[in-house]
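The structure appears below as structure tokens.
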Amino acid sequence: MTRLFLYTVAVFFSATLAFLALNAPEPFVFRALTVPEHVVALMDDGGLSLSVWVNRSDHAMVDPDVITRSRIESEDRTTSLELSLEGIEAGHAETYQGEVFTKHLLIFEPTRLTADFVITDAWLHLELADGSAHRLLIGTLELIRLDPSWEELPFHDLYGEKDAGSGLSRISHIQVKTDRKIMIREARIGTELRLSWDVNDHDVTLVVPHDTLVLTRFPVVIVTDTAVFYIPSFFYVKDMRVLEAHGKDIHVHTFD
Amino acid sequence: MMRQITIVTLLLLLPFVVSFSVADSDYTRFESLTLSTGKLLSDYTDDDYDEHYKHVNRRRFMGWRVKKVNEDIRASYVTETLFSYYNDGYSAIGYAYSFTFESSQSLEVSATGSIALKQGKKNGAFANNLDAALKITATYDTESSSKETIEIDLDVDPGTQVNLYIYGEGTITNGVAARYVFWFRLARGGFEIFNVTTQYHRLEKVRI
């Protein structure tokens, strides 16, 4: 009788252990995503903002009290720039591979440089309070020095749109109504991204070359025979399906 | 005896009274909202409702009957002006402004008739599990708040006003639904889901 009781207890105990083992919740894995972007900022015209998507709002990578040091560096680390984190702003949430990620904007203080700063393979390097260091792929980063001789383009209407039906978070053309007629000799975003243009009286259409890098917030430089104008940094578009549209380009960073 | 019957009758009617609400949400107050085809829930006529209700009137033991009339119809919208700033002085002003606003959510819902919305939800969500019946998945996030900062740094000439507003694209799904519990119909009305996909920002300077 005692033996039967012990067998019963043993079987029950084993079944319970097996049940618990099978139903044990998988440990949560912190993930951070970045979508390669063409980031262009005027150094004297506000700060620099970089987007990071995280699967939990208490993620260390979006906690300003935990981030002790931040810098932008090239893939081979030969070029780098120290940045001072000013704040972090939470944005909207999207789903990526069945998991909800919330966009966070890491806002850095304006940087003063004597020359343009360009990295085409930029990584964000973050050091956290626990001593760990993490790298997130950013894409192309350009910090442009605002030359004192440049003039702000006198305009009275400004907006940019994507290609019709395009899911990519990238502006394809900018529409500007200028206050006076201008004869464009060159138009560009940053130092290298050349734009084509069409001028009809005061209506200027600037066409942005196709690419897969996110391009939503940027200044434009317009060179004429008589002056260099610039359109200040402007946030042209906000997309709600960025992760879905840029799925194959997304960089996933997993924490231990 | 009569009093007891009255109380029981009132108790039975309670769910109808409690769940009755005519709701709307922010997107219904946009300056304009245009569909590529079909019509908005606010444009449904009584005849439309009568026609579509035929598809949800058959009683069932438990749950929702749903008839989607328009599904994922492309929509374009223009919101109200986000902010205005004017310079009534005599010289140009270098205007630097960081403007933070609660942007339109990726999903907004509205309902008519006795279909209720959940109370306290930031962007609205359907009550009594209609979300599940409509197969609204996690992509349609309804919990998170979304704030966006637009930094403006430009020259504003004298006698000029700067206006910033949002326009964009999204999809609309609408139709009618009815909820049954033990073959009793407890709610019936129209539903609409507005899913924002793109928000464009436009800056205008106008003479005042």
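Residues are named by chain letter and number: chains run A, B, ... in the order of the structure tokens, numbers start at 1 in each chain, and ligands are numbered from 1 in the order shown.
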
- prompt: range 95-108 of chain A: which residues within 6 Å, counting only C-alpha atoms, same-chain residues fewer than 3 positions away excluded, as a ChimeraX atom specification?
  reply: /A:47-55,84-92 /B:139

Using only C-alpha atoms, which residues of chain A come within 7 Å of chain B, and what is the closest atom pair for each, with the distance in Å to one decimal? Give it as JSON lines, sorted by chain and residue number.
```
{"residue": "A:Asp45", "atom": "CA", "partner": "B:Asp153", "partner_atom": "CA", "distance": 7.0}
{"residue": "A:Ala90", "atom": "CA", "partner": "B:Lys147", "partner_atom": "CA", "distance": 6.8}
{"residue": "A:Gly91", "atom": "CA", "partner": "B:Ser146", "partner_atom": "CA", "distance": 4.6}
{"residue": "A:His92", "atom": "CA", "partner": "B:Ser146", "partner_atom": "CA", "distance": 4.6}
{"residue": "A:Ala93", "atom": "CA", "partner": "B:Ser144", "partner_atom": "CA", "distance": 6.6}
{"residue": "A:Glu94", "atom": "CA", "partner": "B:Thr139", "partner_atom": "CA", "distance": 6.0}
{"residue": "A:Thr95", "atom": "CA", "partner": "B:Thr139", "partner_atom": "CA", "distance": 5.2}
{"residue": "A:His156", "atom": "CA", "partner": "B:Lys205", "partner_atom": "CA", "distance": 4.3}
{"residue": "A:Asp157", "atom": "CA", "partner": "B:Glu204", "partner_atom": "CA", "distance": 4.4}
{"residue": "A:Leu158", "atom": "CA", "partner": "B:Leu203", "partner_atom": "CA", "distance": 5.1}
{"residue": "A:Tyr159", "atom": "CA", "partner": "B:Arg202", "partner_atom": "CA", "distance": 4.7}
{"residue": "A:Pro232", "atom": "CA", "partner": "B:Asp153", "partner_atom": "CA", "distance": 6.5}
{"residue": "A:Phe234", "atom": "CA", "partner": "B:Ile152", "partner_atom": "CA", "distance": 7.0}
{"residue": "A:Phe235", "atom": "CA", "partner": "B:Ile150", "partner_atom": "CA", "distance": 6.4}
{"residue": "A:Tyr236", "atom": "CA", "partner": "B:His201", "partner_atom": "CA", "distance": 5.2}
{"residue": "A:Val237", "atom": "CA", "partner": "B:Tyr200", "partner_atom": "CA", "distance": 4.5}
{"residue": "A:Lys238", "atom": "CA", "partner": "B:Gln199", "partner_atom": "CA", "distance": 5.0}
{"residue": "A:Asp239", "atom": "CA", "partner": "B:Thr198", "partner_atom": "CA", "distance": 4.6}
{"residue": "A:Met240", "atom": "CA", "partner": "B:Thr197", "partner_atom": "CA", "distance": 4.9}
{"residue": "A:Arg241", "atom": "CA", "partner": "B:Thr197", "partner_atom": "CA", "distance": 6.3}
```

Shell of 6 Å around range 64-69 of chain A, only C-alpha atoms, local chain residues under 5 positions omitted, as an mmCIF file with N, CA and C atoms, in the first residue's frame:
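Listed below is the output, part.cif:
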```
data_model
loop_
_atom_site.group_PDB
_atom_site.id
_atom_site.type_symbol
_atom_site.label_atom_id
_atom_site.label_comp_id
_atom_site.auth_asym_id
_atom_site.auth_seq_id
_atom_site.Cartn_x
_atom_site.Cartn_y
_atom_site.Cartn_z
ATOM 1 N N LEU A 126 26.326 53.431 -28.000
ATOM 2 C CA LEU A 126 25.789 53.831 -26.700
ATOM 3 C C LEU A 126 26.486 53.055 -25.590
ATOM 4 N N GLU A 127 26.888 53.756 -24.540
ATOM 5 C CA GLU A 127 27.438 53.083 -23.359
ATOM 6 C C GLU A 127 26.447 53.265 -22.225
ATOM 7 N N LEU A 128 26.184 52.160 -21.540
ATOM 8 C CA LEU A 128 25.174 52.183 -20.489
ATOM 9 C C LEU A 128 25.827 52.131 -19.108
ATOM 10 N N ALA A 129 25.018 52.433 -18.104
ATOM 11 C CA ALA A 129 25.534 52.528 -16.736
ATOM 12 C C ALA A 129 26.137 51.209 -16.239
#
```

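Our summary of the geometry notes that CA of Thr37 in chain B is positioned 20.2 Å from CA of Thr79 in chain B.
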
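For the pair CA of Ser57 in chain A and CA of His253 in chain A, the interatomic distance is 15.5 Å.
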
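Of note, CA of Trp150 in chain A and CA of Tyr230 in chain A are spaced 6.8 Å apart.
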
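Comparing A:Asp147, A:Glu244, A:Glu161, A:Glu192 by their smallest distance to Ala227 in chain A, the closest is A:Asp147 (using only C-alpha atoms).
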